[in-house]
>>> print(open('final.cif').read())   # mmCIF, C-alpha atoms
data_final
#
loop_
_atom_site.label_atom_id
_atom_site.label_comp_id
_atom_site.auth_asym_id
_atom_site.auth_seq_id
_atom_site.Cartn_x
_atom_site.Cartn_y
_atom_site.Cartn_z
CA MET A 1 5.59 -12.01 23.18
CA SER A 2 2.37 -13.75 24.24
CA ALA A 3 1.04 -10.46 25.63
CA ILE A 4 1.65 -8.80 22.26
CA TRP A 5 -0.29 -11.46 20.35
CA VAL A 6 -3.16 -11.28 22.84
CA ILE A 7 -3.48 -7.56 22.06
CA VAL A 8 -3.10 -8.18 18.31
CA ARG A 9 -5.99 -10.67 18.32
CA LYS A 10 -8.05 -8.29 20.43
CA GLU A 11 -7.34 -5.46 17.97
CA TRP A 12 -8.39 -7.56 14.97
CA LYS A 13 -11.60 -8.63 16.69
CA GLU A 14 -12.59 -5.07 17.52
CA VAL A 15 -11.32 -3.21 14.46
CA PHE A 16 -12.89 -5.46 11.84
CA ARG A 17 -16.27 -5.04 13.49
CA ASP A 18 -16.26 -1.71 11.68
CA LYS A 19 -18.04 -2.39 8.41
CA ASN A 20 -16.24 0.44 6.61
CA ILE A 21 -12.82 -1.02 7.35
CA LEU A 22 -13.97 -4.52 6.47
CA ILE A 23 -15.51 -3.40 3.18
CA MET A 24 -12.42 -1.40 2.23
CA SER A 25 -10.15 -4.35 3.07
CA ILE A 26 -12.14 -6.43 0.56
CA VAL A 27 -13.11 -3.92 -2.12
CA LEU A 28 -9.73 -2.17 -2.43
CA PRO A 29 -7.71 -5.31 -3.33
CA VAL A 30 -10.45 -6.55 -5.67
CA LEU A 31 -10.45 -3.19 -7.43
CA PHE A 32 -6.68 -3.12 -7.85
CA VAL A 33 -6.68 -6.65 -9.26
CA ALA A 34 -9.60 -5.88 -11.57
CA MET A 35 -7.99 -2.74 -13.04
CA PRO A 36 -4.95 -4.37 -14.69
CA ALA A 37 -7.00 -7.45 -15.59
CA GLY A 38 -9.69 -5.33 -17.24
CA PHE A 39 -7.11 -3.17 -18.99
CA LEU A 40 -5.22 -6.15 -20.45
CA TYR A 41 -8.46 -7.84 -21.53
CA PHE A 42 -9.63 -4.68 -23.30
CA ILE A 43 -6.27 -4.00 -24.96
CA GLU A 44 -5.76 -7.56 -26.15
CA ARG A 45 -9.25 -7.76 -27.65
CA SER A 46 -8.99 -4.31 -29.24
CA ALA A 47 -5.55 -5.05 -30.71
CA GLN A 48 -6.55 -8.31 -32.37
CA GLY A 49 -5.68 -8.13 -36.03
CA SER A 50 -3.78 -4.84 -35.81
CA GLY A 51 -1.04 -5.76 -33.35
CA GLY A 52 -0.83 -2.12 -32.24
CA ILE A 53 -2.26 0.19 -29.62
CA PRO A 54 -6.01 0.64 -30.21
CA GLU A 55 -6.75 3.82 -32.14
CA GLY A 56 -8.03 6.60 -29.95
CA PHE A 57 -6.76 5.00 -26.74
CA ASN A 58 -3.33 6.60 -26.85
CA ASP A 59 -0.72 7.99 -29.20
CA ALA A 60 1.48 5.11 -30.28
CA GLY A 61 4.21 7.52 -31.40
CA ALA A 62 4.69 8.70 -27.84
CA TYR A 63 6.28 5.34 -27.00
CA ALA A 64 8.53 5.05 -30.03
CA HIS A 65 11.60 6.44 -28.22
CA LEU A 66 11.15 3.93 -25.39
CA MET A 67 11.50 1.04 -27.82
CA GLN A 68 15.15 2.03 -28.26
CA LEU A 69 15.91 1.27 -24.59
CA PRO A 70 17.63 -2.08 -23.86
CA GLN A 71 14.74 -3.47 -21.78
CA PHE A 72 12.31 -2.89 -24.64
CA GLN A 73 14.46 -4.10 -27.53
CA GLY A 74 12.52 -6.29 -29.93
CA MET A 75 9.13 -5.46 -28.42
CA SER A 76 6.19 -4.01 -30.30
CA GLU A 77 4.62 -0.68 -29.35
CA LEU A 78 1.68 -2.60 -27.92
CA ARG A 79 3.87 -4.59 -25.52
CA VAL A 80 5.76 -1.47 -24.44
CA PHE A 81 2.46 0.27 -23.80
CA GLU A 82 1.18 -2.68 -21.75
CA ILE A 83 4.35 -2.76 -19.65
CA LEU A 84 4.17 0.97 -18.95
CA MET A 85 0.57 0.61 -17.85
CA LEU A 86 1.46 -2.33 -15.61
CA ASP A 87 4.13 -0.15 -14.00
CA GLN A 88 1.41 2.34 -13.20
CA PHE A 89 -0.73 -0.38 -11.64
CA LEU A 90 2.28 -1.36 -9.54
CA LEU A 91 2.08 2.05 -7.89
CA TYR A 92 -1.62 1.46 -7.23
CA PHE A 93 -0.75 -1.79 -5.46
CA LEU A 94 1.51 0.17 -3.14
CA MET A 95 -1.57 2.08 -1.98
CA ILE A 96 -2.90 -1.07 -0.30
CA PRO A 97 -0.19 -1.19 2.41
CA LEU A 98 -0.74 2.53 2.94
CA MET A 99 -4.52 2.74 3.12
CA ILE A 100 -5.58 -0.40 4.97
CA PRO A 101 -3.17 -0.22 7.94
CA ILE A 102 -3.56 3.49 8.54
CA PHE A 103 -7.33 3.13 8.84
CA VAL A 104 -6.90 0.13 11.15
CA ALA A 105 -4.41 2.09 13.28
CA VAL A 106 -6.47 5.24 13.64
CA TYR A 107 -9.60 3.27 14.43
CA SER A 108 -8.00 1.10 17.09
CA ILE A 109 -6.39 4.02 18.91
CA VAL A 110 -9.08 6.68 18.51
CA GLY A 111 -11.65 4.02 19.33
CA GLU A 112 -9.89 3.24 22.58
CA LYS A 113 -9.71 6.94 23.39
CA GLN A 114 -13.45 7.27 22.84
CA GLN A 115 -14.28 4.13 24.79
CA ARG A 116 -11.84 4.97 27.63
CA SER A 117 -10.37 1.48 27.35
CA LEU A 118 -6.72 2.44 26.95
CA GLU A 119 -6.13 3.51 30.55
CA PRO A 120 -7.12 0.10 32.02
CA LEU A 121 -4.83 -1.58 29.49
CA LEU A 122 -1.93 0.56 30.70
CA ALA A 123 -2.66 -0.52 34.25
CA THR A 124 -1.51 -4.03 33.28
CA PRO A 125 2.19 -5.04 33.34
CA ILE A 126 2.48 -4.57 29.55
CA SER A 127 5.11 -2.04 28.53
CA VAL A 128 4.55 0.86 26.16
CA THR A 129 6.96 -0.78 23.69
CA GLN A 130 4.87 -3.98 23.72
CA LEU A 131 1.68 -1.97 23.25
CA LEU A 132 3.10 -0.04 20.30
CA SER A 133 4.47 -3.26 18.78
CA ALA A 134 1.08 -4.95 19.10
CA LYS A 135 -0.74 -2.07 17.42
CA THR A 136 1.85 -1.96 14.65
CA LEU A 137 1.51 -5.70 13.98
CA ALA A 138 -2.29 -5.52 14.13
CA GLY A 139 -2.31 -2.97 11.32
CA ALA A 140 0.65 -4.25 9.32
CA ILE A 141 0.04 -8.00 9.07
CA PRO A 142 -3.39 -7.87 7.34
CA ALA A 143 -2.20 -5.17 4.93
CA VAL A 144 0.96 -7.06 3.90
CA VAL A 145 -0.92 -10.36 3.48
CA ILE A 146 -3.64 -8.69 1.41
CA THR A 147 -1.04 -6.89 -0.74
CA TRP A 148 0.92 -10.07 -1.45
CA ALA A 149 -2.22 -12.09 -2.18
CA SER A 150 -3.53 -9.40 -4.55
CA PHE A 151 -0.19 -9.22 -6.36
CA ALA A 152 0.00 -13.01 -6.74
CA LEU A 153 -3.51 -13.10 -8.16
CA THR A 154 -2.67 -10.31 -10.60
CA VAL A 155 0.43 -12.17 -11.79
CA ALA A 156 -1.70 -15.24 -12.47
CA VAL A 157 -4.37 -13.24 -14.31
CA THR A 158 -1.75 -11.37 -16.36
CA ALA A 159 -0.18 -14.65 -17.45
CA LEU A 160 -3.56 -15.77 -18.76
CA LEU A 161 -4.44 -12.54 -20.58
CA THR A 162 -1.21 -11.49 -22.30
CA THR A 163 2.05 -12.81 -23.67
CA PRO A 164 4.83 -14.34 -21.51
CA GLN A 165 7.01 -11.40 -22.59
CA VAL A 166 4.73 -8.99 -20.71
CA ALA A 167 3.74 -11.31 -17.88
CA GLN A 168 7.35 -12.03 -16.87
CA ILE A 169 7.83 -8.30 -16.20
CA MET A 170 5.75 -8.72 -13.04
CA LEU A 171 8.32 -11.19 -11.70
CA ALA A 172 11.27 -8.92 -12.47
CA PRO A 173 13.44 -7.65 -9.58
CA THR A 174 11.73 -4.26 -9.73
CA TRP A 175 8.27 -5.60 -8.96
CA LEU A 176 9.49 -8.20 -6.45
CA LEU A 177 11.51 -5.58 -4.57
CA ALA A 178 8.51 -3.30 -4.44
CA MET A 179 6.17 -6.02 -3.17
CA ILE A 180 8.45 -7.97 -0.82
CA VAL A 181 10.47 -5.13 0.71
CA LEU A 182 8.88 -1.75 -0.01
CA SER A 183 5.28 -2.69 0.78
CA PRO A 184 6.05 -3.84 4.39
CA LEU A 185 8.13 -0.68 4.94
CA LEU A 186 5.23 1.45 3.71
CA THR A 187 2.89 -0.50 5.98
CA VAL A 188 4.96 0.27 9.07
CA ALA A 189 5.10 3.94 8.09
CA ALA A 190 1.33 4.05 7.62
CA VAL A 191 0.65 2.44 11.00
CA ILE A 192 2.94 4.81 12.87
CA ILE A 193 1.45 7.80 11.05
CA GLY A 194 -1.95 6.49 12.17
CA VAL A 195 -0.68 6.44 15.75
CA ILE A 196 0.60 10.01 15.48
CA ILE A 197 -2.65 11.25 13.92
CA SER A 198 -4.70 9.46 16.56
CA SER A 199 -2.73 11.13 19.33
CA ARG A 200 -3.87 14.53 18.06
CA VAL A 201 -7.53 13.99 17.19
CA ASN A 202 -10.49 12.41 18.96
CA ASP A 203 -12.75 11.67 15.98
CA VAL A 204 -12.37 8.54 13.86
CA ARG A 205 -13.72 10.15 10.67
CA LEU A 206 -11.34 13.11 10.91
CA ALA A 207 -8.38 10.81 11.59
CA GLU A 208 -9.29 8.68 8.54
CA GLN A 209 -9.59 11.75 6.31
CA ILE A 210 -6.21 13.08 7.39
CA GLY A 211 -4.63 9.65 6.99
CA GLY A 212 -6.04 9.30 3.49
CA LEU A 213 -3.96 12.27 2.36
CA ILE A 214 -0.73 10.27 2.54
CA VAL A 215 -1.61 8.37 -0.66
CA LEU A 216 -1.73 11.57 -2.74
CA PRO A 217 2.04 11.69 -3.49
CA LEU A 218 1.81 8.12 -4.78
CA VAL A 219 -1.12 9.04 -7.01
CA ALA A 220 0.88 11.98 -8.39
CA LEU A 221 3.70 9.59 -9.40
CA THR A 222 1.37 7.72 -11.76
CA ILE A 223 1.16 10.70 -14.11
CA PRO A 224 4.80 10.72 -15.35
CA VAL A 225 4.79 6.90 -15.38
CA LEU A 226 1.75 6.84 -17.68
CA MET A 227 3.32 9.48 -19.92
CA GLY A 228 6.52 7.45 -20.21
CA LYS A 229 8.55 10.22 -18.56
CA LEU A 230 9.40 8.14 -15.47
CA LEU A 231 10.52 4.53 -15.83
CA LEU A 232 10.28 2.48 -12.66
CA SER A 233 13.55 0.66 -12.12
CA THR A 234 15.23 -1.48 -9.48
CA ARG A 235 17.42 1.49 -8.55
CA PHE A 236 14.33 3.67 -8.13
CA PHE A 237 12.82 1.23 -5.63
CA VAL A 238 16.12 0.56 -3.82
CA ILE A 239 16.38 4.28 -3.13
CA GLY A 240 12.70 4.29 -2.16
CA CYS A 241 13.22 1.41 0.29
CA LEU A 242 16.17 3.18 1.93
CA LEU A 243 14.24 6.44 2.27
CA ILE A 244 11.16 4.76 3.70
CA ALA A 245 13.30 2.72 6.12
CA VAL A 246 14.84 5.94 7.45
CA LEU A 247 11.37 7.47 7.63
CA ASP A 248 10.13 4.45 9.61
CA VAL A 249 12.87 4.90 12.19
CA ALA A 250 12.11 8.62 12.54
CA LEU A 251 8.36 8.00 12.81
CA LEU A 252 8.94 5.22 15.34
CA PHE A 253 10.93 7.62 17.51
CA VAL A 254 8.07 10.13 17.41
CA GLY A 255 5.49 7.40 18.01
CA VAL A 256 7.27 6.11 21.11
CA LYS A 257 7.44 9.65 22.50
CA LEU A 258 3.69 10.04 22.01
CA PHE A 259 3.03 6.70 23.69
CA GLN A 260 4.54 7.64 27.04
CA ARG A 261 2.22 6.56 29.85
CA GLU A 262 2.02 10.06 31.31
CA THR A 263 1.04 11.53 27.93
CA ILE A 264 -1.67 8.91 27.42
CA LEU A 265 -3.16 9.25 30.88
CA THR A 266 -3.29 13.06 30.76
CA ARG A 267 -3.69 14.27 27.17
CA TRP A 268 -5.52 11.25 25.69
CA SER A 269 -8.07 11.07 28.48
CA GLN A 270 -9.25 14.63 27.89
#
>>> encode(input="final.cif", output="structure tokens")
Amino acid sequence: MSAIWVIVRKEWKEVFRDKNILIMSIVLPVLFVAMPAGFLYFIERSAQGSGGIPEGFNDAGAYAHLMQLPQFQGMSELRVFEILMLDQFLLYFLMIPLMIPIFVAVYSIVGEKQQRSLEPLLATPISVTQLLSAKTLAGAIPAVVITWASFALTVAVTALLTTPQVAQIMLAPTWLLAMIVLSPLLTVAAVIIGVIISSRVNDVRLAEQIGGLIVLPLVALTIPVLMGKLLLSTRFFVIGCLLIAVLDVALLFVGVKLFQRETILTRWSQ
């Protein structure tokens, strides 16, 4: 275990020397906290006096049918609209454990390929399993911590800007399941995907561009959520957690195969 943490600390020291990764690790969470905060501030100020959705911002009638659902009983159109938008921002938060770790993973591995520093590491007694575990932790831990901290800050800001009726939605089982369980599972998937991508390319920029494509399906999900066609529920995220857990196991199997010593010393050194 001590060998793993030595590599983890080494990875953090080297990876975060890259200004692009450091900037993204700071700017991305700040942006995702600022978006719901700015939205709620704008909506609350615009709705003062009217109690409804600001004219021209969206069609209030589009949400009328949602007010008949049990979870929205007794709420105004404005509160339903705010909750739907917060659900969309939840999906944005799930981009953090995808984007940050995959960039850390591809940099650490491609960087070692470019610097020819991986072969000496493999000459030590450390096993391939320990090496893969260290690289997974090095990418996953910062991403999970940043995600949880950003979510906690957003909960606090939401409580200040809107009503308790809306703010308590962020502490519902749906959100907590997504943050506590789904985000770490997504982080592991992103790191292993970074490992797989890095095993096939030798350029950091290309690896980052390919890795960035994995967030596109999540972006596509925001469209039906915003339109009120897809309601994020606990069941939705339970199924998501199970699917991602299975995906993690499959990706881990592939990752271990790619991290065989013979493969590294022949293919990766080319």
>>> resolve_selection(input="final.cif", expression="the PyMOL selection byres ((chain A and resi 158-171) around 8)", output="MDAnalysis selection string")
chainID A and resid 36:37 40:41 44 79 82:83 154:157 172:176
>>> closest_residue(input="final.cif", among="A:Ile196, A:Leu86, A:Ala143, A:Ile7", to="Met35 of chain A", atoms="only C-alpha atoms")
A:Leu86
>>> atom_distance(input="final.cif", atom1="atom CA of Ala3 of chain A", atom2="atom CA of Gln130 of chain A")
7.8 Å
>>> atom_distance(input="final.cif", atom1="atom CA of Val191 of chain A", atom2="atom CA of Ala105 of chain A")
5.6 Å
>>> axis_aligned_box(input="final.cif", around="segment 132-135 of chain A", padding_each_side="3 Å", output="JSON")
{"center_x": 1.9, "center_y": -2.5, "center_z": 18.9, "size_x": 11.2, "size_y": 10.9, "size_z": 8.9}
>>> residues_around(input="final.cif", residues="segment 188-190 of chain A", least_positions_apart="6", cutoff="9 Å", atoms="only C-alpha atoms", output="list in words")
Pro97, Leu98, Met99, Ile100, Pro101, Ile102, Phe103, Ala105, Thr136, Leu137, Gly139, Ala140, Gly211, Ile214, Ile244, Ala245, Leu247, Asp248, Val249, Leu251 and Leu252 of chain A
>>> atom_distance(input="final.cif", atom1="atom CA of Pro142 of chain A", atom2="atom CA of Leu213 of chain A")
20.8 Å
>>> closest_residue(input="final.cif", among="A:Pro217, A:Val238, A:Trp12, A:Ile21", to="Leu94 of chain A", atoms="all atoms listed in the file")
A:Pro217
>>> residues_around(input="final.cif", residues="Val8 of chain A", least_positions_apart="5", cutoff="7 Å", atoms="only C-alpha atoms", output="list in words")
Ala134, Lys135, Leu137 and Ala138 of chain A
